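Student: Dropping in structure-v1.cif, with mmCIF, C-alpha atoms.
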```cif
data_query
#
loop_
_atom_site.label_atom_id
_atom_site.label_comp_id
_atom_site.auth_asym_id
_atom_site.auth_seq_id
_atom_site.Cartn_x
_atom_site.Cartn_y
_atom_site.Cartn_z
CA MET L 22 -16.75 -11.65 -9.47
CA GLN L 23 -13.94 -9.20 -8.80
CA TYR L 24 -10.24 -10.04 -8.81
CA SER L 25 -6.69 -8.75 -8.59
CA GLU L 26 -3.56 -10.58 -9.69
CA GLY L 27 -0.32 -10.66 -7.75
CA SER L 28 2.53 -12.93 -6.77
CA LEU L 29 4.07 -14.45 -3.67
CA GLY L 30 6.39 -12.38 -1.53
CA ARG L 31 8.00 -13.15 1.82
CA VAL L 32 7.00 -16.08 4.02
CA PHE L 33 6.91 -15.71 7.81
CA VAL L 34 6.70 -18.50 10.37
CA LEU L 35 5.43 -17.34 13.76
CA ARG L 36 4.96 -19.01 17.11
CA LEU L 37 2.46 -17.21 19.29
CA GLU L 38 2.90 -17.85 22.98
CA HIS L 39 0.51 -18.48 25.84
CA GLY L 40 -1.87 -15.54 26.25
CA ASP L 41 -1.16 -13.89 22.87
CA PRO L 42 -4.42 -12.58 21.36
CA MET L 43 -5.53 -13.22 17.80
CA PRO L 44 -6.19 -11.52 15.43
CA ALA L 45 -4.50 -8.53 17.15
CA THR L 46 -1.04 -10.18 17.30
CA LEU L 47 -0.92 -11.04 13.59
CA GLU L 48 -2.34 -7.69 12.50
CA ALA L 49 0.30 -5.83 14.56
CA PHE L 50 3.06 -8.06 13.13
CA ALA L 51 1.86 -7.38 9.57
CA ALA L 52 1.82 -3.63 10.17
CA GLU L 53 5.34 -3.75 11.68
CA LYS L 54 6.70 -5.72 8.70
CA GLY L 55 4.87 -3.66 6.07
CA ILE L 56 2.73 -6.56 4.87
CA ARG L 57 -0.31 -5.21 2.98
CA CYS L 58 -1.82 -8.43 1.69
CA GLY L 59 -1.38 -12.07 2.60
CA MET L 60 -2.80 -15.43 3.48
CA ALA L 61 -2.32 -17.35 6.71
CA VAL L 62 -2.77 -20.82 8.14
CA MET L 63 -2.78 -21.47 11.86
CA VAL L 64 -2.67 -24.53 14.12
CA GLY L 65 -2.38 -24.90 17.87
CA GLY L 66 -4.47 -24.25 20.95
CA ALA L 67 -7.17 -21.74 21.93
CA ASP L 68 -7.67 -21.01 25.61
CA ALA L 69 -10.96 -21.08 27.48
CA GLY L 70 -12.82 -17.81 27.05
CA SER L 71 -11.79 -17.44 23.40
CA ARG L 72 -14.66 -16.19 21.25
CA LEU L 73 -15.79 -17.03 17.71
CA VAL L 74 -18.41 -15.46 15.48
CA VAL L 75 -20.50 -18.52 14.62
CA GLY L 76 -22.99 -17.11 12.15
CA PRO L 77 -25.71 -14.56 11.70
CA GLU L 78 -28.63 -14.61 14.07
CA ASP L 79 -30.94 -14.43 11.04
CA GLY L 80 -29.54 -15.16 7.58
CA PHE L 81 -32.16 -12.97 5.90
CA MET L 82 -31.80 -9.82 8.01
CA LEU L 83 -29.45 -7.00 6.99
CA PRO L 84 -27.29 -5.64 8.40
CA VAL L 85 -26.12 -8.91 9.89
CA ASN L 86 -26.44 -9.45 13.64
CA PRO L 87 -23.55 -11.83 14.46
CA MET L 88 -23.78 -14.62 17.01
CA VAL L 89 -20.72 -15.08 19.22
CA GLN L 90 -19.83 -18.27 21.08
CA GLU L 91 -17.30 -18.45 23.90
CA LEU L 92 -15.16 -21.56 24.17
CA THR L 93 -15.37 -23.45 27.43
CA GLY L 94 -12.11 -25.25 28.04
CA VAL L 95 -9.00 -25.46 25.91
CA HIS L 96 -9.59 -26.34 22.24
CA GLU L 97 -7.42 -27.56 19.38
CA VAL L 98 -7.40 -25.10 16.44
CA ALA L 99 -7.01 -25.37 12.67
CA ALA L 100 -7.58 -22.14 10.73
CA VAL L 101 -7.09 -20.37 7.43
CA GLY L 102 -7.45 -16.71 6.59
CA THR L 103 -6.67 -13.70 4.44
CA LEU L 104 -5.02 -10.41 5.33
CA PHE L 105 -5.92 -7.20 3.48
CA PRO L 106 -5.87 -3.53 4.48
CA ASP L 107 -8.95 -1.61 5.51
CA GLU L 108 -9.70 1.77 3.95
CA SER L 109 -7.20 3.46 6.29
CA GLY L 110 -4.41 1.02 5.30
CA LYS L 111 -4.46 -1.04 8.53
CA PRO L 112 -3.97 -4.80 7.96
CA VAL L 113 -7.13 -6.73 8.83
CA LEU L 114 -7.17 -10.51 9.23
CA HIS L 115 -10.26 -12.47 8.18
CA MET L 116 -9.70 -15.98 9.53
CA HIS L 117 -12.05 -18.88 10.13
CA ALA L 118 -11.14 -21.60 12.58
CA ALA L 119 -12.39 -25.02 13.56
CA CYS L 120 -11.88 -25.40 17.32
CA GLY L 121 -12.35 -28.88 18.73
CA ARG L 122 -12.52 -30.46 22.16
CA MET L 123 -13.38 -34.15 22.49
CA GLU L 124 -16.37 -34.87 20.21
CA SER L 125 -17.41 -31.21 19.88
CA THR L 126 -16.23 -28.69 17.29
CA VAL L 127 -17.06 -24.99 17.02
CA THR L 128 -16.34 -23.34 13.68
CA GLY L 129 -16.37 -19.62 13.05
CA CYS L 130 -14.55 -16.35 12.48
CA ILE L 131 -11.89 -15.43 15.06
CA ARG L 132 -12.61 -11.67 14.86
CA ALA L 133 -14.32 -11.77 18.29
CA GLY L 134 -10.91 -12.76 19.71
CA ILE L 135 -9.15 -15.98 20.57
CA VAL L 136 -6.35 -16.33 23.09
CA THR L 137 -3.38 -18.62 22.58
CA TRP L 138 -3.22 -21.64 24.85
CA GLN L 139 0.48 -22.55 25.09
CA VAL L 140 1.17 -22.21 21.35
CA LEU L 141 -0.37 -21.17 18.04
CA GLU L 142 1.75 -21.67 14.93
CA VAL L 143 1.09 -19.34 11.99
CA VAL L 144 2.51 -19.40 8.48
CA LEU L 145 1.92 -16.02 6.83
CA VAL L 146 2.53 -15.73 3.08
CA GLU L 147 2.80 -12.20 1.72
CA LEU L 148 0.96 -11.42 -1.52
CA VAL L 149 2.63 -8.67 -3.55
CA GLY L 150 1.27 -6.64 -6.44
CA VAL L 151 -2.30 -7.24 -5.29
CA ASP L 152 -4.60 -4.22 -5.39
CA ALA L 153 -7.34 -4.92 -2.85
CA VAL L 154 -8.88 -3.30 0.21
CA ARG L 155 -11.60 -4.13 2.75
CA ARG L 156 -14.40 -1.56 2.30
CA PHE L 157 -17.24 -1.16 4.78
CA ASP L 158 -20.59 -2.14 3.28
CA PRO L 159 -23.45 -0.53 5.23
CA ALA L 160 -26.01 -2.98 3.82
CA THR L 161 -24.35 -6.06 5.34
CA GLY L 162 -22.29 -4.42 8.07
CA PHE L 163 -19.21 -6.26 6.74
CA ALA L 164 -15.87 -4.88 5.59
CA LEU L 165 -15.95 -6.59 2.20
CA LEU L 166 -12.84 -7.49 0.25
CA THR L 167 -12.74 -5.29 -2.85
CA PRO L 168 -10.07 -6.36 -5.37
CA HIS L 169 -9.24 -4.10 -8.32
CA GLY L 170 -8.15 -6.01 -11.44
#
```
How does the structure come out when it is put into structure tokens?
Tutor:
Amino acid sequence: MQYSEGSLGRVFVLRLEHGDPMPATLEAFAAEKGIRCGMAVMVGGADAGSRLVVGPEDGFMLPVNPMVQELTGVHEVAAVGTLFPDESGKPVLHMHAACGRMESTVTGCIRAGIVTWQVLEVVLVELVGVDAVRRFDPATGFALLTPHG
């Protein structure tokens, strides 16, 4: 296990509007506000055509070949994620969402891109004093969170 200790900083409440893309909108906001590290929760709607990474094609093969599922129809969304800089300092959101419509739910990472349907509400909590970065790992193909304690 690796860790870094910090404390809470600013808290931002955002309302994304119809058509706003995620994670691009939150990453741009974080860069504009100088937020290096944070955590976020999100609720609202994802439009048809939004895409989620829903798992590896083969859990034993490296690097990972991700499976992507496109949402058909508008879905309700509940999500939680973390925000840490990549090696160049750019804020990168890692957020997993459960997207439901009627009796069906798709759960996965939003990095493939979801689009706001009418509204997505996000609460972003800044973490200060945390020394961590997302470093590319060629073995997995992931940008892994690397905290420095």
Student: For the interface of region 58-133 of chain L with region 24-29 of chain L (cut-off 12 Å, counting only C-alpha atoms), please tabulate each contacting residue of region 58-133 of chain L alongside its nearest pair of atoms and their separation in Å to one decimal, rows sorted by chain and increasing number, as a Markdown table.
Tutor:
```
| residue | atom | partner | partner_atom | distance |
| --- | --- | --- | --- | --- |
| L:Cys58 | CA | L:Gly27 | CA | 9.8 |
| L:Gly59 | CA | L:Leu29 | CA | 8.6 |
| L:Met60 | CA | L:Leu29 | CA | 10.0 |
```
Student: By how many Å are CA of Pro112 (chain L) and CA of Met63 (chain L) apart?
Tutor: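 It comes out at 17.2 Å.
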Student: When distances are computed from all atoms listed in the file, which of L:Val62, L:Leu148, L:Val95, L:Leu165 shows the smallest separation from Met116 (chain L)?
Tutor: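 Closest to Met116 (chain L) of all the choices is L:Val62.
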Student: Using only C-alpha atoms, which of L:Thr46, L:Ser109, L:Thr103, L:Gln90 sits nearest Phe157 (chain L)?
Tutor: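 The answer is L:Ser109, which sits nearest to Phe157 (chain L).
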Student: Using the chain letters and numbers from the file, give me the residues hit by the PyMOL selection byres ((chain L and resi 78) around 6), as a JSON list (two decimals) with C-alpha atoms, in the frame of the given file.
Tutor:
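As written to disk, selection00.json reads:
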```
[["chain", "number", "residue", "atom", "x", "y", "z"],
["L", 77, "PRO", "CA", -25.71, -14.56, 11.70],
["L", 79, "ASP", "CA", -30.94, -14.43, 11.04],
["L", 86, "ASN", "CA", -26.44, -9.45, 13.64],
["L", 87, "PRO", "CA", -23.55, -11.83, 14.46],
["L", 88, "MET", "CA", -23.78, -14.62, 17.01]]
```
Student: Just checking: using all atoms listed in the file, which residue out of L:Asp158, L:Glu38, L:Glu97, L:Glu124 ends up closest to Gly66 (chain L)?
Tutor: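 Using all atoms listed in the file, the shortest distance to Gly66 (chain L) belongs to L:Glu97.
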Student: To test your reading of the syntax: which residues would the PyMOL selection byres ((chain L and resi 34) around 9) return for the file shown? Reply as a PDB file with C-alpha atoms, keeping the file's coordinate frame.
Tutor:
```
ATOM      1  CA  VAL L  32       7.000 -16.080   4.020  1.00  0.00           C
ATOM      2  CA  PHE L  33       6.910 -15.710   7.810  1.00  0.00           C
ATOM      3  CA  LEU L  35       5.430 -17.340  13.760  1.00  0.00           C
ATOM      4  CA  ARG L  36       4.960 -19.010  17.110  1.00  0.00           C
ATOM      5  CA  GLU L 142       1.750 -21.670  14.930  1.00  0.00           C
ATOM      6  CA  VAL L 143       1.090 -19.340  11.990  1.00  0.00           C
ATOM      7  CA  VAL L 144       2.510 -19.400   8.480  1.00  0.00           C
ATOM      8  CA  LEU L 145       1.920 -16.020   6.830  1.00  0.00           C
ATOM      9  CA  VAL L 146       2.530 -15.730   3.080  1.00  0.00           C
TER      10      VAL L 146
END
```
Student: Translate the PyMOL selection byres ((chain L and resi 98) around 12), as applied to the file shown, into an explicit residue set as number ranges by chain.
Tutor: L: 62-68, 71, 73, 92, 95-97, 99-101, 116-122, 126-131, 135-143
Student: Considering all atoms listed in the file, can you say which of L:Arg132, L:Met123, L:Val85, L:Gln23 comes closest to Phe163 (chain L)?
Tutor: L:Val85
Student: Have a look at CA of Thr167 (chain L) and CA of Arg155 (chain L) and let me know their distance in Å, one decimal.
Tutor: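 Distance reported for this atom pair: 5.8 Å.
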Student: For a test of reading the model, state the distance in Å between CA of Gly80 (chain L) and CA of Ala61 (chain L), rounded to one decimal.
Tutor: 27.3 Å
Student: Considering only C-alpha atoms, can you say which of L:Val151, L:Ile56, L:Ala133, L:Leu114 comes closest to Ala164 (chain L)?
Tutor: L:Leu114
Student: Rank L:His115, L:Ala160, L:Glu147, L:Pro84 by their smallest atom-to-atom distance to Gly30 (chain L), using only C-alpha atoms, and report the top residue only.
Tutor: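 When distances to Gly30 (chain L) are compared using only C-alpha atoms, the smallest one comes from L:Glu147.
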Student: Could you put an axis-aligned box around every listed atom of region 140-146 of chain L, padded by 6 Å on each side, and send me its centre and edge lengths in Å to one decimal, as lines of an AutoDock Vina configuration file?
Tutor:
```
center_x = 1.1
center_y = -19.0
center_z = 12.2
size_x = 14.9
size_y = 18.5
size_z = 30.3
```
Student: Restore N, CA and C atoms in region 73-90 of chain L and list the result as a short mmCIF file (atom, residue, chain, number, x, y, z; two decimals), keeping the file's coordinate frame.
Tutor:
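Wrote selection_13.cif, looks like this:
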```cif
data_model
loop_
_atom_site.label_atom_id
_atom_site.label_comp_id
_atom_site.auth_asym_id
_atom_site.auth_seq_id
_atom_site.Cartn_x
_atom_site.Cartn_y
_atom_site.Cartn_z
N LEU L 73 -15.65 -16.90 19.16
CA LEU L 73 -15.79 -17.03 17.71
C LEU L 73 -17.14 -16.49 17.27
N VAL L 74 -17.15 -15.83 16.12
CA VAL L 74 -18.41 -15.46 15.48
C VAL L 74 -18.88 -16.71 14.74
N VAL L 75 -20.05 -17.22 15.12
CA VAL L 75 -20.50 -18.52 14.62
C VAL L 75 -21.68 -18.43 13.65
N GLY L 76 -21.96 -17.26 13.16
CA GLY L 76 -22.99 -17.11 12.15
C GLY L 76 -23.89 -15.93 12.43
N PRO L 77 -24.74 -15.63 11.48
CA PRO L 77 -25.71 -14.56 11.70
C PRO L 77 -26.89 -15.10 12.51
N GLU L 78 -27.45 -14.23 13.31
CA GLU L 78 -28.63 -14.61 14.07
C GLU L 78 -29.77 -14.97 13.12
N ASP L 79 -29.91 -14.20 12.05
CA ASP L 79 -30.94 -14.43 11.04
C ASP L 79 -30.30 -14.20 9.68
N GLY L 80 -30.21 -15.24 8.87
CA GLY L 80 -29.54 -15.16 7.58
C GLY L 80 -30.22 -14.28 6.55
N PHE L 81 -31.43 -13.81 6.85
CA PHE L 81 -32.16 -12.97 5.90
C PHE L 81 -32.21 -11.51 6.32
N MET L 82 -31.72 -11.19 7.51
CA MET L 82 -31.80 -9.82 8.01
C MET L 82 -30.49 -9.07 7.75
N LEU L 83 -30.60 -7.86 7.23
CA LEU L 83 -29.45 -7.00 6.99
C LEU L 83 -29.67 -5.68 7.71
N PRO L 84 -28.64 -5.07 8.29
CA PRO L 84 -27.29 -5.64 8.40
C PRO L 84 -27.28 -6.86 9.32
N VAL L 85 -26.25 -7.65 9.18
CA VAL L 85 -26.12 -8.91 9.89
C VAL L 85 -25.93 -8.67 11.39
N ASN L 86 -26.62 -9.45 12.19
CA ASN L 86 -26.44 -9.45 13.64
C ASN L 86 -25.67 -10.73 13.99
N PRO L 87 -24.35 -10.62 14.26
CA PRO L 87 -23.55 -11.83 14.46
C PRO L 87 -23.83 -12.51 15.79
N MET L 88 -23.72 -13.83 15.78
CA MET L 88 -23.78 -14.62 17.01
C MET L 88 -22.34 -14.93 17.42
N VAL L 89 -22.06 -14.82 18.71
CA VAL L 89 -20.72 -15.08 19.22
C VAL L 89 -20.80 -16.21 20.24
N GLN L 90 -19.89 -17.17 20.12
CA GLN L 90 -19.83 -18.27 21.08
C GLN L 90 -18.49 -18.26 21.78
#
```
